[in-house]
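Worksheet: one structure, shown below.
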Amino acid sequence: MRVKIYYSCQECGHQSTRWFGRCPGCGAWNSLVEEISQPAGTAAPAGPGGQLPLPVTEVPALAEDRFPTELAELDRVLGGGIVPGSLTLVGGDPGIGKSTLMLQAAYQLSRRMQVLYVSGEESARQVRLRADRLGTLSPGLLLFCETDLDEVESQLRRLAPPVAIIDSIQTMYKAGIPSAPGSVGQVRECAAQLMRLAKTTGISIFLVGHVTKEGMLAGPRVLEHMVDTVLYMEGDRRQFFRVLRGMKNRFGSTHEIGVFEMSGAGLVEVANPSALFLIQRSRPDVPGSAVVAALEGSRPLLVEIQALVSPTGYGVPRRMTAGVDYNRVALIAAVLEKRMGLNLGSQDLYVNAVGGVKLDEPALDLAIACALVSSFRDVPVDPALVCAGEIGLTGELRPVTGVQKRIKEAFKMGFSRFLTASRSALPELAENPGIFTADTLAGALELALKV
Ligand code: TYD
Ligand code: MG
C-alpha cells in the first residue's frame, strides 16, 4: 500500500494534504503536524461486527441496566449511573482532579465489582500512595501501568472487568502509528480501538483527557463526537470546588452538573452548592454585588455576581470578565448606555462570578446589569434579593425557564425577595409578597437598587 502523508491540526482535527502555518479549519497557528495515513479500515466506525440490520420493532427493548458509582454527583452527571459498554471522556485542565475523581469512583465500584485502572502517567506505587491517602484501597481495584494500547486491550479482554479507566488517553500509543502519543492521529486511533472494545465486550470505559490552555479538549476534542458521553471538570485551581459538567450524553440529559470540593482527602461531594458559592458573601450591602439564581441542568444554583465600574485613566476603556460571558457583558453595557442613558463609555468594567464558577445562561443578564448599575451609582443592591432575567436589546426583561425552581432555591437559602420578568410562568407563587416582577430593565433596576 502506498503510504500517504497528510497534515492534521492538533486543535480541531482538520486534515489537509498541504502544510499551512494557520489551520484552515479553526484558525490556530502552527497546529498542523505531519502524519502518515493508515491502511484503510483501521479507523472503521465502532460497532459490534457481524450484525445484520433489524426492524426497529424487533430490537430488544432492554430495561435500563445502568449501575451507579455511588458517587451521587458523578451519577447525576452520567444520567443515573454507568451504562454497560459505554465510552466516557473525562476532560479537564491538568491538575484539576480528574485522576482523583476516577480513583474515587473506581474504589466505590471495586467494592462490588472488578475495576481496572490503567495509568500511563503515574507508576503503580504513585497510584497506590494516592489511593492510600484517599482511603481507597480495595482488592477489587486492579492497577495496570502501561501505555501500549494493545497490551491494555489484551488485559481488558483477559480480565473483562465491568469498568475500566484509561488515565490518560494522551499517554496511550498504538504501535505502528508513526505519530507521537498525544497527537490527534494516536488519540483518535486509540479511542476508536477502545470504542470497539467497549461495544463488543460490554466493558464500560472511561478515558481521561487533558486540555490545552485554550480551554479546549485538544487531541481529545476530536473524540467528542466519537464517545458516548463527555464530562468536563472545571474550577479554579486556587479555589476548592470543582464542577463536573456533562457536555454530551447519549444516554441522558446534558447540562447536568456535579459539584465537589477538593479536600486533603480527595473530592468531597457538595450536596448544597448554593451554600458553597455564597459562603464568601460577607458584605452583601457593598455596591456592585447581586445574586443570581442560575439553573444548571435540573439544579438551581445561587451565585454572587460582582461588578466594578471605575473611570478609565487613559486610552480605551477596559472590559474584563471572569466566569461570565464577555460578549454578554458588552451587550448589557450597550443596552444600559442606549436605553438608560448611563455613560459607560468612559468607564472600565469588571464583572466576576464569585467562586470561580463558570456560568453561561441568559438569566444572568439581570444580575450583571444590577451589579453594574449598583457599582456605577454607588448604591447597593437589596441584600435580600435574588434575581433571574434575560435582557433584550430594546431594554425589555424576558422570562427565564424553571423560574419556580429558582425561586424555591432563593427562599430556601434565606433570601426574602425574588425579582424576575412579568411574563414568567408564575401561577400560585405570584401571590407570594416576596416575588417582584418587571417588564423592563429600568423597572427592574428601580426595584433592585435601594435608593
Ligand atoms: P489530579 O487528580 O492528579 O489531577 P488531574 O488528574 O486532573 O491532573 O489532582 C491533583 C491535584 O489535586 C493536586 O494539585 C493536589 C490536589 N489534591 C488534593 O488537594 N487532595 C487530594 O486528596 C488529592 C489526591 C489531590
Ligand atoms: Mg491525572
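Labels for the C-alpha cells follow display order: chains A, B, ..., residues from 1 in each chain, ligands from 1.
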
Handout entry: Residues of stretch 367-437 of chain A in strand (DSSP E or B), written as an NGL selection string
Key = :A and (381 or 385-387 or 390-391 or 396-398 or 417-421 or 435-437)

Using only C-alpha atoms, find each residue in stretch 198-248 of chain A having at least one atom no more than 12 Å away from stretch 110-123 of chain A; report its shortest atom-to-atom pair and that distance in Å (one decimal), rows by chain then rising number, as JSON lines.
{"residue": "A:Ile203", "atom": "CA", "partner": "A:Val115", "partner_atom": "CA", "distance": 9.9}
{"residue": "A:Ser204", "atom": "CA", "partner": "A:Val115", "partner_atom": "CA", "distance": 9.8}
{"residue": "A:Ile205", "atom": "CA", "partner": "A:Leu116", "partner_atom": "CA", "distance": 9.5}
{"residue": "A:Phe206", "atom": "CA", "partner": "A:Tyr117", "partner_atom": "CA", "distance": 9.5}
{"residue": "A:Leu207", "atom": "CA", "partner": "A:Val118", "partner_atom": "CA", "distance": 9.8}
{"residue": "A:Val208", "atom": "CA", "partner": "A:Ser119", "partner_atom": "CA", "distance": 9.9}
{"residue": "A:Gly209", "atom": "CA", "partner": "A:Glu121", "partner_atom": "CA", "distance": 11.6}
{"residue": "A:His210", "atom": "CA", "partner": "A:Glu121", "partner_atom": "CA", "distance": 11.6}

Store the residues picked out above, limited to C-alpha atoms, as a CSV table (one decimal), in the first residue's frame.
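Listing of part07.csv after writing:
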chain,number,residue,atom,x,y,z
A,203,ILE,CA,-16.9,-3.1,29.4
A,204,SER,CA,-17.6,0.5,30.3
A,205,ILE,CA,-14.5,2.5,29.6
A,206,PHE,CA,-13.6,6.0,31.0
A,207,LEU,CA,-11.0,8.0,29.1
A,208,VAL,CA,-9.2,10.8,31.0
A,209,GLY,CA,-8.1,13.6,28.7
A,210,HIS,CA,-6.1,16.7,29.4

Exercise for the section: Might you pull out every residue within 12 Å of A:Leu142, with only C-alpha atoms counted and same-chain residues fewer than 2 positions away left off, and present them as a VMD selection string? Expected result: chain A and resid 103 106 to 107 109 to 111 113 to 119 124 127 to 128 131 136 to 140 144 to 145 155 to 156 159 to 161 163 to 165

Closest-contact table, chain A side, partner ligand 2, 8 Å, counting only C-alpha atoms and all ligand atoms, as CSV:
residue,atom,partner,partner_atom_place_in_ligand_line,distance
A:Pro94,CA,ligand 2,1 (Mg),6.8
A:Gly95,CA,ligand 2,1 (Mg),6.5
A:Gly97,CA,ligand 2,1 (Mg),6.8
A:Lys98,CA,ligand 2,1 (Mg),5.7
A:Ser99,CA,ligand 2,1 (Mg),4.2
A:Thr100,CA,ligand 2,1 (Mg),7.2
A:Glu121,CA,ligand 2,1 (Mg),7.0
A:Asp167,CA,ligand 2,1 (Mg),6.6
A:Ser168,CA,ligand 2,1 (Mg),7.1
A:Val208,CA,ligand 2,1 (Mg),7.8

Mind dumping the selected residues with N, CA and C atoms as a PDB file, in the first residue's frame?
ATOM      1  N   PRO A  94      -4.904  20.000  33.375  1.00  0.00           N
ATOM      2  CA  PRO A  94      -4.024  19.177  34.200  1.00  0.00           C
ATOM      3  C   PRO A  94      -4.087  19.654  35.660  1.00  0.00           C
ATOM      4  N   GLY A  95      -4.148  18.718  36.585  1.00  0.00           N
ATOM      5  CA  GLY A  95      -4.134  19.071  37.998  1.00  0.00           C
ATOM      6  C   GLY A  95      -5.482  19.471  38.561  1.00  0.00           C
ATOM      7  N   GLY A  97      -8.094  17.502  38.979  1.00  0.00           N
ATOM      8  CA  GLY A  97      -8.636  16.453  39.856  1.00  0.00           C
ATOM      9  C   GLY A  97      -9.282  15.289  39.133  1.00  0.00           C
ATOM     10  N   LYS A  98      -8.960  15.113  37.843  1.00  0.00           N
ATOM     11  CA  LYS A  98      -9.575  14.021  37.080  1.00  0.00           C
ATOM     12  C   LYS A  98      -9.156  12.660  37.614  1.00  0.00           C
ATOM     13  N   SER A  99      -7.845  12.507  37.868  1.00  0.00           N
ATOM     14  CA  SER A  99      -7.371  11.207  38.370  1.00  0.00           C
ATOM     15  C   SER A  99      -7.952  10.928  39.741  1.00  0.00           C
ATOM     16  N   THR A 100      -8.047  11.970  40.554  1.00  0.00           N
ATOM     17  CA  THR A 100      -8.607  11.810  41.897  1.00  0.00           C
ATOM     18  C   THR A 100     -10.050  11.331  41.803  1.00  0.00           C
ATOM     19  N   GLU A 121       0.426   7.594  33.305  1.00  0.00           N
ATOM     20  CA  GLU A 121       1.106   8.813  33.762  1.00  0.00           C
ATOM     21  C   GLU A 121       1.892   8.586  35.043  1.00  0.00           C
ATOM     22  N   ASP A 167      -6.123   6.341  32.089  1.00  0.00           N
ATOM     23  CA  ASP A 167      -5.639   7.641  32.566  1.00  0.00           C
ATOM     24  C   ASP A 167      -4.213   7.865  32.071  1.00  0.00           C
ATOM     25  N   SER A 168      -3.959   8.574  31.044  1.00  0.00           N
ATOM     26  CA  SER A 168      -4.894   9.312  30.225  1.00  0.00           C
ATOM     27  C   SER A 168      -4.829   8.831  28.785  1.00  0.00           C
ATOM     28  N   VAL A 208      -9.570   9.455  30.407  1.00  0.00           N
ATOM     29  CA  VAL A 208      -9.209  10.754  30.975  1.00  0.00           C
ATOM     30  C   VAL A 208      -8.461  11.526  29.901  1.00  0.00           C
TER      31      VAL A 208
END

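Minimum distance to A:Arg66 across A:Gly13, A:Gly21, A:Gly252, A:Gly92 (counting only C-alpha atoms) occurs at A:Gly252.
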
Practice task
Counting only C-alpha atoms, figure out which residue out of A:Glu11, A:Asp365, A:Asp378, A:Glu409 gets nearest to A:Gly395.
Solution key: A:Asp365

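Using only C-alpha atoms and all ligand atoms, the smallest distance between any of A:Glu189, A:Asp439, A:Asp132, A:Glu269 and ligand 1 comes from A:Asp132.
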
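Between atom CA of A:Glu390 and atom CA of A:Ile257 the separation is 21.7 Å.
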
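Remark: for ligand 1, the closest of the candidate residues A:Ala265, A:Ala105, A:Val379, A:Leu194 is A:Ala265 (distances computed over only C-alpha atoms and all ligand atoms).
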
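Atom to atom, atom CA of A:Val33 and atom CA of A:Val187 stand 13.6 Å apart.
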
Exercise for the section: May I have the residues within 12 Å of A:Pro284 as a PyMOL selection string, using only C-alpha atoms and disregarding those fewer than 4 positions away in the same chain? Expected result: chain A and resi 278-280+288-291+304-306+371+374+379-386+415

Using N, CA and C atoms, can you export the residues from the last selection as an mmCIF file, in the first residue's frame?
data_model
loop_
_atom_site.group_PDB
_atom_site.id
_atom_site.type_symbol
_atom_site.label_atom_id
_atom_site.label_comp_id
_atom_site.auth_asym_id
_atom_site.auth_seq_id
_atom_site.Cartn_x
_atom_site.Cartn_y
_atom_site.Cartn_z
ATOM 1 N N LEU A 278 -22.064 30.925 48.001
ATOM 2 C CA LEU A 278 -22.421 32.173 48.678
ATOM 3 C C LEU A 278 -21.637 32.390 49.960
ATOM 4 N N ILE A 279 -20.832 31.401 50.340
ATOM 5 C CA ILE A 279 -20.178 31.441 51.642
ATOM 6 C C ILE A 279 -19.271 32.663 51.773
ATOM 7 N N GLN A 280 -18.725 33.090 50.623
ATOM 8 C CA GLN A 280 -17.796 34.218 50.686
ATOM 9 C C GLN A 280 -18.524 35.556 50.656
ATOM 10 N N GLY A 288 -22.232 46.969 43.894
ATOM 11 C CA GLY A 288 -21.560 46.165 42.876
ATOM 12 C C GLY A 288 -21.747 44.672 43.058
ATOM 13 N N SER A 289 -22.660 44.261 43.938
ATOM 14 C CA SER A 289 -22.877 42.829 44.151
ATOM 15 C C SER A 289 -24.350 42.488 43.982
ATOM 16 N N ALA A 290 -24.637 41.443 43.217
ATOM 17 C CA ALA A 290 -26.017 40.969 43.045
ATOM 18 C C ALA A 290 -25.993 39.450 43.002
ATOM 19 N N VAL A 291 -27.076 38.819 43.433
ATOM 20 C CA VAL A 291 -27.124 37.353 43.446
ATOM 21 C C VAL A 291 -28.085 36.872 42.367
ATOM 22 N N GLU A 304 -23.103 34.751 43.449
ATOM 23 C CA GLU A 304 -22.958 36.198 43.528
ATOM 24 C C GLU A 304 -22.219 36.713 42.294
ATOM 25 N N ILE A 305 -22.788 37.760 41.686
ATOM 26 C CA ILE A 305 -22.130 38.422 40.557
ATOM 27 C C ILE A 305 -21.599 39.754 41.078
ATOM 28 N N GLN A 306 -20.328 40.021 40.869
ATOM 29 C CA GLN A 306 -19.743 41.284 41.316
ATOM 30 C C GLN A 306 -19.321 42.108 40.113
ATOM 31 N N ALA A 371 -25.571 44.570 39.142
ATOM 32 C CA ALA A 371 -24.249 44.769 39.737
ATOM 33 C C ALA A 371 -23.546 45.960 39.086
ATOM 34 N N SER A 374 -25.335 49.209 40.107
ATOM 35 C CA SER A 374 -25.091 49.416 41.537
ATOM 36 C C SER A 374 -23.689 49.994 41.765
ATOM 37 N N VAL A 379 -24.656 52.557 44.746
ATOM 38 C CA VAL A 379 -25.827 52.252 45.580
ATOM 39 C C VAL A 379 -25.920 50.729 45.672
ATOM 40 N N PRO A 380 -26.018 50.158 46.873
ATOM 41 C CA PRO A 380 -26.066 48.692 46.947
ATOM 42 C C PRO A 380 -27.370 48.110 46.412
ATOM 43 N N VAL A 381 -27.286 46.866 45.935
ATOM 44 C CA VAL A 381 -28.482 46.121 45.557
ATOM 45 C C VAL A 381 -29.105 45.603 46.856
ATOM 46 N N ASP A 382 -30.407 45.566 46.913
ATOM 47 C CA ASP A 382 -31.114 44.998 48.061
ATOM 48 C C ASP A 382 -30.461 43.668 48.465
ATOM 49 N N PRO A 383 -29.878 43.580 49.673
ATOM 50 C CA PRO A 383 -29.114 42.377 50.035
ATOM 51 C C PRO A 383 -29.968 41.117 50.194
ATOM 52 N N ALA A 384 -31.287 41.283 50.322
ATOM 53 C CA ALA A 384 -32.152 40.112 50.491
ATOM 54 C C ALA A 384 -32.726 39.644 49.153
ATOM 55 N N LEU A 385 -32.226 40.233 48.056
ATOM 56 C CA LEU A 385 -32.829 39.982 46.753
ATOM 57 C C LEU A 385 -32.004 39.014 45.900
ATOM 58 N N VAL A 386 -32.731 38.131 45.198
ATOM 59 C CA VAL A 386 -32.119 37.260 44.197
ATOM 60 C C VAL A 386 -32.823 37.557 42.882
ATOM 61 N N PHE A 415 -33.032 34.049 51.351
ATOM 62 C CA PHE A 415 -33.353 35.338 50.730
ATOM 63 C C PHE A 415 -34.870 35.548 50.810
#

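Using only C-alpha atoms for every distance, the candidate list A:Leu331, A:Ser298, A:Gly323, A:Ala369 yields A:Ser298 as the residue closest to A:Val403.
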
Practice task
Quick one: everything within 8 Å of A:Asp360, counting only C-alpha atoms, minus sequence neighbours fewer than 2 positions away in the same chain. Send it as a list in words.
Solution key: Val324, Asp325, Lys358, Pro362 and Leu364 of chain A

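The space between atom CA of A:Ser274 and atom 11 (C, counted along the ligand's line) of ligand 1 spans 23.5 Å.
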
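Residues in contact range of A:Phe240, defined as at most 9 Å between only C-alpha atoms, with sequence neighbours fewer than 4 positions away removed, read Gly235, Asp236, Phe260, Glu261, Met262, Ser263 and Gly355 of chain A.
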
Using N, CA, C and O atoms, can you export the residues from the last selection as a compact mmCIF listing (two decimals), in the first residue's frame?
# COMPACT_ATOMS: atom_id res chain seq x y z
N GLY A 235 -13.00 24.43 37.24
CA GLY A 235 -12.89 25.09 38.53
C GLY A 235 -11.58 25.85 38.56
O GLY A 235 -10.70 25.60 37.74
N ASP A 236 -11.47 26.75 39.48
CA ASP A 236 -10.24 27.50 39.63
C ASP A 236 -9.34 26.68 40.53
O ASP A 236 -9.74 26.30 41.62
N PHE A 260 -18.13 19.28 43.55
CA PHE A 260 -17.25 18.65 44.52
C PHE A 260 -16.38 19.71 45.17
O PHE A 260 -16.16 20.78 44.61
N GLU A 261 -15.86 19.36 46.34
CA GLU A 261 -14.90 20.23 46.98
C GLU A 261 -13.61 19.44 47.11
O GLU A 261 -13.63 18.29 47.55
N MET A 262 -12.48 20.05 46.72
CA MET A 262 -11.20 19.34 46.84
C MET A 262 -10.70 19.50 48.27
O MET A 262 -10.51 20.63 48.74
N SER A 263 -10.53 18.39 48.96
CA SER A 263 -10.07 18.47 50.35
C SER A 263 -8.76 17.71 50.46
O SER A 263 -8.25 17.19 49.47
N GLY A 355 -16.28 32.88 43.16
CA GLY A 355 -16.02 31.47 43.44
C GLY A 355 -15.36 30.76 42.28
O GLY A 355 -14.98 29.61 42.39

Problem - For A:Ala410, the nearest of the candidates A:Arg328, A:Glu146, A:Ala294, A:Val243, counting only C-alpha atoms - result: A:Ala294

Problem - Surrounding residues of A:Val351 excluding itself and chain neighbours under 4 positions, 7 Å, only C-alpha atoms, as a VMD selection string - result: chain A and resid 306 to 308 320 to 322

Exercise for the section: as a PyMOL selection string, please: all residues of stretch 297-329 of chain A that backbone DSSP puts in alpha helix (DSSP H). Expected result: chain A and resi 326-329
